[in-house]
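Some notes on the structure that comes next.
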Amino acid sequence: MTDAPEVLLSLENVSLSFGGVRAISDVSFDIRRGEIRAIIGPNGAGKTSMLNVINGFYTPQVGRIVFNGATRSRMRPSEAARQGIARTFQNVALFKGMTTLDNIMTGRSLKMSRGLFWQALRHGPALNEEIEHRKFCEEIIDFLEIESIRKTPVGKLPYGLQKRVELGRALAMEPKLLLLDEPMAGMNREEKEDMSRFIIEANRRLGATIALIEHDIGVVMDLSDRVVVLEYGSKIADDVPDVVKADPKVIAAYLGVSH
Amino acid sequence: MMHLLYALFVDPFAQMVSAPDLLAQTVWEGFVGGVLYSLIALGFVLIYKASGVFNFAQGIMMVFAALTLVGLHEKGVPAWIALALTIGVMYGLAFGVERLVLRPLVNQPDIILLMATFGLTYFLVGLGELVFGGNPKEMITSELWLPSGAIDLHILGGVLTLQKLDIAASGIALVMVAGLAMFFQWTRIGRALRAVADDHQAALSVGISLNQIWVIVWFAAGIVALATGIMWSARSDVSFALQVIALKALPVLILGGLTSVPGAIVGGLIIGIGEKVGEFYWGPLAGGGIERWLAYAIALAFLLFRPQGLFGERIIERI
């Protein structure tokens, strides 16, 4: 059993409610190091709430979260980021007034350590550090094929490119775990293919463990190693794509059952 | 009727042309006032951008900073050390505001945060009076090497009198504005600040700590308040009455937009120059004293045509 893949994140019996509304009830699953893990389910199933729990925007009332070997009860989003969890958002959350490069550079915030004093002077160690990080970000820009919009304020970019920049910002954090909330929503076929390629490359070449929410079932089944299915806040299936695809409960959740 | 139209639209311009030295003098005085308005407005913009709080206490922060400086000096602390200590006090204030006001009230509606800054205003008035007393004090200008006296320029067929203090004030204001602009543009903290101003959640997700940013912003606003306080009280004296000057920042903000640093600067200059020129050339028609309300009238006219201000972001809401 020594060759079992290491678990990066595990959620145990997590429940989350807002007042009287149960968003997630008693869900357990894990994410293994190096895999692409999909979370799917109909609208309102609690998928985004799940990501918010993982990166600390929400604190579940019940349950245990073990990340990278350490158990945590509650955590601030900036701490989650410090521990290596990056994410993108369903409705692109970029810094619209800033350029593509600056947006991606914010992903390096935690890696830059030189004090305020040096920064203010823009001299010595702070300048070297800035150049080093800039180089890293240029590599990400090359990787995502967005060289031509490097200096464009992202508010002016079309939606598909904004999603790409957002992915770049998350990658700049060199995350252990990358959470993608509907990375392909609202994209056409070609854009989806590009995005799929970047996700696979990020996983294989950059070694990021990825958890993603996606509605396009075809894409999900192609991309992911394992799939967890939520419905009304509960887990109804959790397995490799082929098994999940054939699960009658999943088919019922998506297509409805005949009465 | 013709007479009134003449007095409104012809005579003032005729005067400007016939005595350009007076015009230059008026514009200069407006410019100096405008620079200080800009600085006050800048304090508002900094805090508003980063924390979404309209900081009613900005005016009192200015008085409090100046009062601390003068008060410490009165108690026997040398001027430059008092200045350093005052900067420390402004940092302490920023830290305290973040811990005791912003952090507990995070995610509350804007109106609650606004009310909290009202509370902060009264707290600072009380604290200032308690520690340093309520009597007006004189700013320690010469101890801080601020120049006094005036320069007379013989140009435009007349004499243009420039107070050295005003020249210094404009210079310091320019350096501060340029420094802040560069800091925002080029440093990691500056980038983080802009990120927070754009989108709180996204900023959190890349690991920017809102709490740290809030302290930095309130501290920067405190430093701006200190500089404004010194300059302004050097022209009159240090007293709580000075805080009403901060109300002049309102028309500046309406003009420039609450979210724009260049807007605060240009808005301040327009209001400053506008009210002086208005008072000098059109004031006599209304029996003088229009300077007090002219700024608000300009702002009101502006609101009708450009509610988002000169440089503010237009808010387009999707329904």
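For the structure tokens, the naming scheme is as follows: chains receive sequential letters (A, B, ...) according to their order of presentation, residues are indexed from 1 within each chain, and ligands are indexed from 1 in presentation order.
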Within 12 Å of Leu171 in chain A, counting only C-alpha atoms, which residues show up once you throw out same-chain ones fewer than 4 positions away? Write them as a PDB file with N, CA and C atoms, in the first residue's frame, please.
```
ATOM      1  N   ALA A  81      -3.947  31.328   1.359  1.00  0.00           N
ATOM      2  CA  ALA A  81      -3.053  31.675   0.261  1.00  0.00           C
ATOM      3  C   ALA A  81      -1.607  31.421   0.663  1.00  0.00           C
ATOM      4  N   GLY A  84      -0.557  27.971   0.324  1.00  0.00           N
ATOM      5  CA  GLY A  84      -0.424  27.432  -1.017  1.00  0.00           C
ATOM      6  C   GLY A  84      -1.734  27.082  -1.708  1.00  0.00           C
ATOM      7  N   ILE A  85      -2.820  27.747  -1.329  1.00  0.00           N
ATOM      8  CA  ILE A  85      -4.078  27.517  -2.024  1.00  0.00           C
ATOM      9  C   ILE A  85      -4.397  28.750  -2.874  1.00  0.00           C
ATOM     10  N   ALA A  86      -4.506  28.566  -4.181  1.00  0.00           N
ATOM     11  CA  ALA A  86      -4.839  29.679  -5.071  1.00  0.00           C
ATOM     12  C   ALA A  86      -6.194  29.392  -5.697  1.00  0.00           C
ATOM     13  N   ARG A  87      -6.870  30.426  -6.192  1.00  0.00           N
ATOM     14  CA  ARG A  87      -8.150  30.139  -6.837  1.00  0.00           C
ATOM     15  C   ARG A  87      -8.509  31.177  -7.892  1.00  0.00           C
ATOM     16  N   THR A  88      -9.454  30.785  -8.743  1.00  0.00           N
ATOM     17  CA  THR A  88     -10.085  31.740  -9.647  1.00  0.00           C
ATOM     18  C   THR A  88     -11.577  31.749  -9.306  1.00  0.00           C
ATOM     19  N   ASN A 103      -1.536  42.479 -12.709  1.00  0.00           N
ATOM     20  CA  ASN A 103      -2.442  41.512 -12.103  1.00  0.00           C
ATOM     21  C   ASN A 103      -1.706  40.235 -11.751  1.00  0.00           C
ATOM     22  N   ILE A 104      -0.897  39.768 -12.685  1.00  0.00           N
ATOM     23  CA  ILE A 104      -0.183  38.522 -12.433  1.00  0.00           C
ATOM     24  C   ILE A 104       0.865  38.728 -11.345  1.00  0.00           C
ATOM     25  N   MET A 105       1.470  39.927 -11.338  1.00  0.00           N
ATOM     26  CA  MET A 105       2.457  40.233 -10.298  1.00  0.00           C
ATOM     27  C   MET A 105       1.835  40.200  -8.895  1.00  0.00           C
ATOM     28  N   THR A 106       0.548  40.561  -8.771  1.00  0.00           N
ATOM     29  CA  THR A 106      -0.047  40.498  -7.424  1.00  0.00           C
ATOM     30  C   THR A 106      -0.018  39.068  -6.898  1.00  0.00           C
ATOM     31  N   GLY A 107      -0.011  38.107  -7.808  1.00  0.00           N
ATOM     32  CA  GLY A 107       0.088  36.713  -7.379  1.00  0.00           C
ATOM     33  C   GLY A 107       1.405  36.422  -6.677  1.00  0.00           C
ATOM     34  N   ARG A 108       2.392  37.289  -6.899  1.00  0.00           N
ATOM     35  CA  ARG A 108       3.703  37.092  -6.250  1.00  0.00           C
ATOM     36  C   ARG A 108       3.792  37.816  -4.908  1.00  0.00           C
ATOM     37  N   PHE A 136       9.615  35.660 -13.611  1.00  0.00           N
ATOM     38  CA  PHE A 136       8.716  34.525 -13.378  1.00  0.00           C
ATOM     39  C   PHE A 136       7.353  34.787 -14.038  1.00  0.00           C
ATOM     40  N   CYS A 137       6.859  36.017 -13.854  1.00  0.00           N
ATOM     41  CA  CYS A 137       5.544  36.351 -14.407  1.00  0.00           C
ATOM     42  C   CYS A 137       5.572  36.363 -15.934  1.00  0.00           C
ATOM     43  N   GLU A 138       6.703  36.782 -16.504  1.00  0.00           N
ATOM     44  CA  GLU A 138       6.812  36.776 -17.963  1.00  0.00           C
ATOM     45  C   GLU A 138       6.729  35.337 -18.488  1.00  0.00           C
ATOM     46  N   GLU A 139       7.298  34.398 -17.710  1.00  0.00           N
ATOM     47  CA  GLU A 139       7.213  33.003 -18.123  1.00  0.00           C
ATOM     48  C   GLU A 139       5.771  32.517 -18.134  1.00  0.00           C
ATOM     49  N   ILE A 140       5.017  32.932 -17.131  1.00  0.00           N
ATOM     50  CA  ILE A 140       3.601  32.553 -17.086  1.00  0.00           C
ATOM     51  C   ILE A 140       2.857  33.160 -18.268  1.00  0.00           C
ATOM     52  N   ILE A 141       3.209  34.415 -18.567  1.00  0.00           N
ATOM     53  CA  ILE A 141       2.561  35.093 -19.691  1.00  0.00           C
ATOM     54  C   ILE A 141       2.849  34.351 -20.993  1.00  0.00           C
ATOM     55  N   PHE A 143       3.585  31.170 -21.215  1.00  0.00           N
ATOM     56  CA  PHE A 143       2.893  29.890 -21.089  1.00  0.00           C
ATOM     57  C   PHE A 143       1.424  30.020 -21.498  1.00  0.00           C
ATOM     58  N   LEU A 144       0.791  31.113 -21.087  1.00  0.00           N
ATOM     59  CA  LEU A 144      -0.640  31.286 -21.378  1.00  0.00           C
ATOM     60  C   LEU A 144      -0.881  31.994 -22.715  1.00  0.00           C
ATOM     61  N   ARG A 164      -8.216  33.894 -18.645  1.00  0.00           N
ATOM     62  CA  ARG A 164      -6.860  33.402 -18.796  1.00  0.00           C
ATOM     63  C   ARG A 164      -5.906  34.155 -17.868  1.00  0.00           C
ATOM     64  N   VAL A 165      -6.104  35.491 -17.795  1.00  0.00           N
ATOM     65  CA  VAL A 165      -5.257  36.288 -16.904  1.00  0.00           C
ATOM     66  C   VAL A 165      -5.471  35.858 -15.453  1.00  0.00           C
ATOM     67  N   GLU A 166      -6.726  35.575 -15.144  1.00  0.00           N
ATOM     68  CA  GLU A 166      -7.025  35.154 -13.773  1.00  0.00           C
ATOM     69  C   GLU A 166      -6.314  33.846 -13.440  1.00  0.00           C
ATOM     70  N   LEU A 167      -6.289  32.952 -14.412  1.00  0.00           N
ATOM     71  CA  LEU A 167      -5.548  31.702 -14.221  1.00  0.00           C
ATOM     72  C   LEU A 167      -4.061  32.005 -14.013  1.00  0.00           C
ATOM     73  N   PRO A 175       0.965  27.586  -6.623  1.00  0.00           N
ATOM     74  CA  PRO A 175       0.139  26.968  -5.578  1.00  0.00           C
ATOM     75  C   PRO A 175       0.364  25.460  -5.464  1.00  0.00           C
ATOM     76  N   LYS A 176       0.168  24.962  -4.256  1.00  0.00           N
ATOM     77  CA  LYS A 176       0.118  23.512  -4.064  1.00  0.00           C
ATOM     78  C   LYS A 176      -1.228  23.017  -4.568  1.00  0.00           C
ATOM     79  N   LEU A 177      -2.258  23.820  -4.314  1.00  0.00           N
ATOM     80  CA  LEU A 177      -3.605  23.443  -4.716  1.00  0.00           C
ATOM     81  C   LEU A 177      -4.243  24.619  -5.445  1.00  0.00           C
ATOM     82  N   LEU A 178      -4.739  24.336  -6.637  1.00  0.00           N
ATOM     83  CA  LEU A 178      -5.332  25.399  -7.444  1.00  0.00           C
ATOM     84  C   LEU A 178      -6.828  25.122  -7.593  1.00  0.00           C
ATOM     85  N   LEU A 179      -7.643  26.065  -7.155  1.00  0.00           N
ATOM     86  CA  LEU A 179      -9.090  25.898  -7.234  1.00  0.00           C
ATOM     87  C   LEU A 179      -9.626  26.714  -8.403  1.00  0.00           C
ATOM     88  N   LEU A 180     -10.323  26.075  -9.321  1.00  0.00           N
ATOM     89  CA  LEU A 180     -10.845  26.791 -10.482  1.00  0.00           C
ATOM     90  C   LEU A 180     -12.366  26.714 -10.468  1.00  0.00           C
ATOM     91  N   PHE A 198      -4.396  24.539 -21.204  1.00  0.00           N
ATOM     92  CA  PHE A 198      -3.630  25.210 -20.146  1.00  0.00           C
ATOM     93  C   PHE A 198      -3.780  24.490 -18.813  1.00  0.00           C
ATOM     94  N   ILE A 199      -4.983  24.001 -18.552  1.00  0.00           N
ATOM     95  CA  ILE A 199      -5.210  23.322 -17.269  1.00  0.00           C
ATOM     96  C   ILE A 199      -4.389  22.040 -17.203  1.00  0.00           C
ATOM     97  N   GLU A 201      -1.677  21.353 -18.928  1.00  0.00           N
ATOM     98  CA  GLU A 201      -0.253  21.708 -18.876  1.00  0.00           C
ATOM     99  C   GLU A 201       0.148  22.154 -17.471  1.00  0.00           C
ATOM    100  N   ALA A 202      -0.731  22.971 -16.853  1.00  0.00           N
ATOM    101  CA  ALA A 202      -0.435  23.457 -15.497  1.00  0.00           C
ATOM    102  C   ALA A 202      -0.294  22.269 -14.563  1.00  0.00           C
ATOM    103  N   ASN A 203      -1.135  21.281 -14.782  1.00  0.00           N
ATOM    104  CA  ASN A 203      -1.107  20.089 -13.941  1.00  0.00           C
ATOM    105  C   ASN A 203       0.138  19.245 -14.204  1.00  0.00           C
ATOM    106  N   ARG A 205       2.988  19.976 -16.335  1.00  0.00           N
ATOM    107  CA  ARG A 205       4.302  20.603 -16.427  1.00  0.00           C
ATOM    108  C   ARG A 205       4.656  21.357 -15.159  1.00  0.00           C
ATOM    109  N   LEU A 206       3.672  22.110 -14.610  1.00  0.00           N
ATOM    110  CA  LEU A 206       3.969  22.911 -13.427  1.00  0.00           C
ATOM    111  C   LEU A 206       3.656  22.151 -12.143  1.00  0.00           C
ATOM    112  N   GLY A 207       3.019  20.989 -12.305  1.00  0.00           N
ATOM    113  CA  GLY A 207       2.813  20.136 -11.136  1.00  0.00           C
ATOM    114  C   GLY A 207       1.772  20.608 -10.143  1.00  0.00           C
ATOM    115  N   ALA A 208       0.813  21.421 -10.602  1.00  0.00           N
ATOM    116  CA  ALA A 208      -0.210  21.901  -9.676  1.00  0.00           C
ATOM    117  C   ALA A 208      -1.313  20.859  -9.506  1.00  0.00           C
ATOM    118  N   THR A 209      -1.708  20.652  -8.268  1.00  0.00           N
ATOM    119  CA  THR A 209      -2.901  19.851  -8.005  1.00  0.00           C
ATOM    120  C   THR A 209      -4.095  20.769  -8.237  1.00  0.00           C
ATOM    121  N   ILE A 210      -5.109  20.243  -8.951  1.00  0.00           N
ATOM    122  CA  ILE A 210      -6.188  21.136  -9.361  1.00  0.00           C
ATOM    123  C   ILE A 210      -7.546  20.590  -8.933  1.00  0.00           C
TER     124      ILE A 210
ATOM    125  N   VAL B 206      -5.210  36.112  -3.310  1.00  0.00           N
ATOM    126  CA  VAL B 206      -3.778  36.022  -3.635  1.00  0.00           C
ATOM    127  C   VAL B 206      -2.923  36.262  -2.390  1.00  0.00           C
TER     128      VAL B 206
END
```
Could you please write out, as a ChimeraX atom specification, every residue of range 13-247 of chain B that DSSP assigns to alpha helix (DSSP H)?
/B:13-18,20-51,58-74,79-97,110-132,164-186,188-198,200-205,210-235
Find the residues near Ile140 in chain B: any atom within 7 Å, counting only C-alpha atoms, skip ones fewer than 3 places away on the same chain, and give them as a list of chain:residue names.
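Here the answer would be B:Val70, B:Glu143, B:Leu144.
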Filtering to N, CA and C atoms, could you give me those residues as a tab-separated table (two decimals), in the first residue's frame?
```
chain	number	residue	atom	x	y	z
B	70	VAL	N	2.39	70.60	17.99
B	70	VAL	CA	2.60	71.83	18.75
B	70	VAL	C	2.57	71.56	20.24
B	143	GLU	N	10.70	76.87	13.84
B	143	GLU	CA	11.44	75.73	14.38
B	143	GLU	C	11.53	74.60	13.35
B	144	LEU	N	10.53	74.52	12.49
B	144	LEU	CA	10.55	73.46	11.46
B	144	LEU	C	11.18	73.96	10.16
```
Closest-contact table, chain B side, partner chain A, 7 Å, counting only C-alpha atoms, as JSON lines:
```
{"residue": "B:Phe183", "atom": "CA", "partner": "A:Ala120", "partner_atom": "CA", "distance": 6.3}
{"residue": "B:Thr187", "atom": "CA", "partner": "A:Gln119", "partner_atom": "CA", "distance": 5.8}
{"residue": "B:Arg188", "atom": "CA", "partner": "A:Ser109", "partner_atom": "CA", "distance": 6.7}
{"residue": "B:Arg191", "atom": "CA", "partner": "A:Thr106", "partner_atom": "CA", "distance": 6.8}
{"residue": "B:Ala192", "atom": "CA", "partner": "A:Thr106", "partner_atom": "CA", "distance": 6.6}
{"residue": "B:Ala195", "atom": "CA", "partner": "A:Phe95", "partner_atom": "CA", "distance": 5.6}
{"residue": "B:Asp198", "atom": "CA", "partner": "A:Phe95", "partner_atom": "CA", "distance": 5.1}
{"residue": "B:Asp199", "atom": "CA", "partner": "A:Phe95", "partner_atom": "CA", "distance": 6.2}
{"residue": "B:Ala202", "atom": "CA", "partner": "A:Ala93", "partner_atom": "CA", "distance": 5.6}
{"residue": "B:Leu204", "atom": "CA", "partner": "A:Ser78", "partner_atom": "CA", "distance": 5.3}
{"residue": "B:Ser205", "atom": "CA", "partner": "A:Pro77", "partner_atom": "CA", "distance": 6.0}
{"residue": "B:Val206", "atom": "CA", "partner": "A:Gly107", "partner_atom": "CA", "distance": 5.4}
{"residue": "B:Gly207", "atom": "CA", "partner": "A:Ser78", "partner_atom": "CA", "distance": 4.0}
{"residue": "B:Ile208", "atom": "CA", "partner": "A:Ser78", "partner_atom": "CA", "distance": 5.9}
{"residue": "B:Ser209", "atom": "CA", "partner": "A:Ser78", "partner_atom": "CA", "distance": 5.8}
```
Could you name the residues that touch Ile254 in chain B at 8 Å or less, counting only C-alpha atoms, but leaving out those on the same chain fewer than 3 positions away, as a short mmCIF file (atom, residue, chain, number, x, y, z; two decimals) with C-alpha atoms, in the first residue's frame?
```cif
data_model
loop_
_atom_site.label_atom_id
_atom_site.label_comp_id
_atom_site.auth_asym_id
_atom_site.auth_seq_id
_atom_site.Cartn_x
_atom_site.Cartn_y
_atom_site.Cartn_z
CA LEU B 250 -16.49 67.71 -0.17
CA PRO B 251 -16.91 69.88 -3.28
CA GLY B 257 -14.54 61.79 -7.97
CA LEU B 258 -14.15 59.89 -4.72
CA ALA B 299 -19.82 71.24 -7.18
CA PHE B 302 -21.01 69.62 -11.70
CA LEU B 303 -23.22 66.99 -10.13
CA PRO B 307 -22.24 62.78 -11.30
CA GLN B 308 -19.19 60.53 -11.26
CA GLY B 309 -16.82 63.52 -11.15
#
```
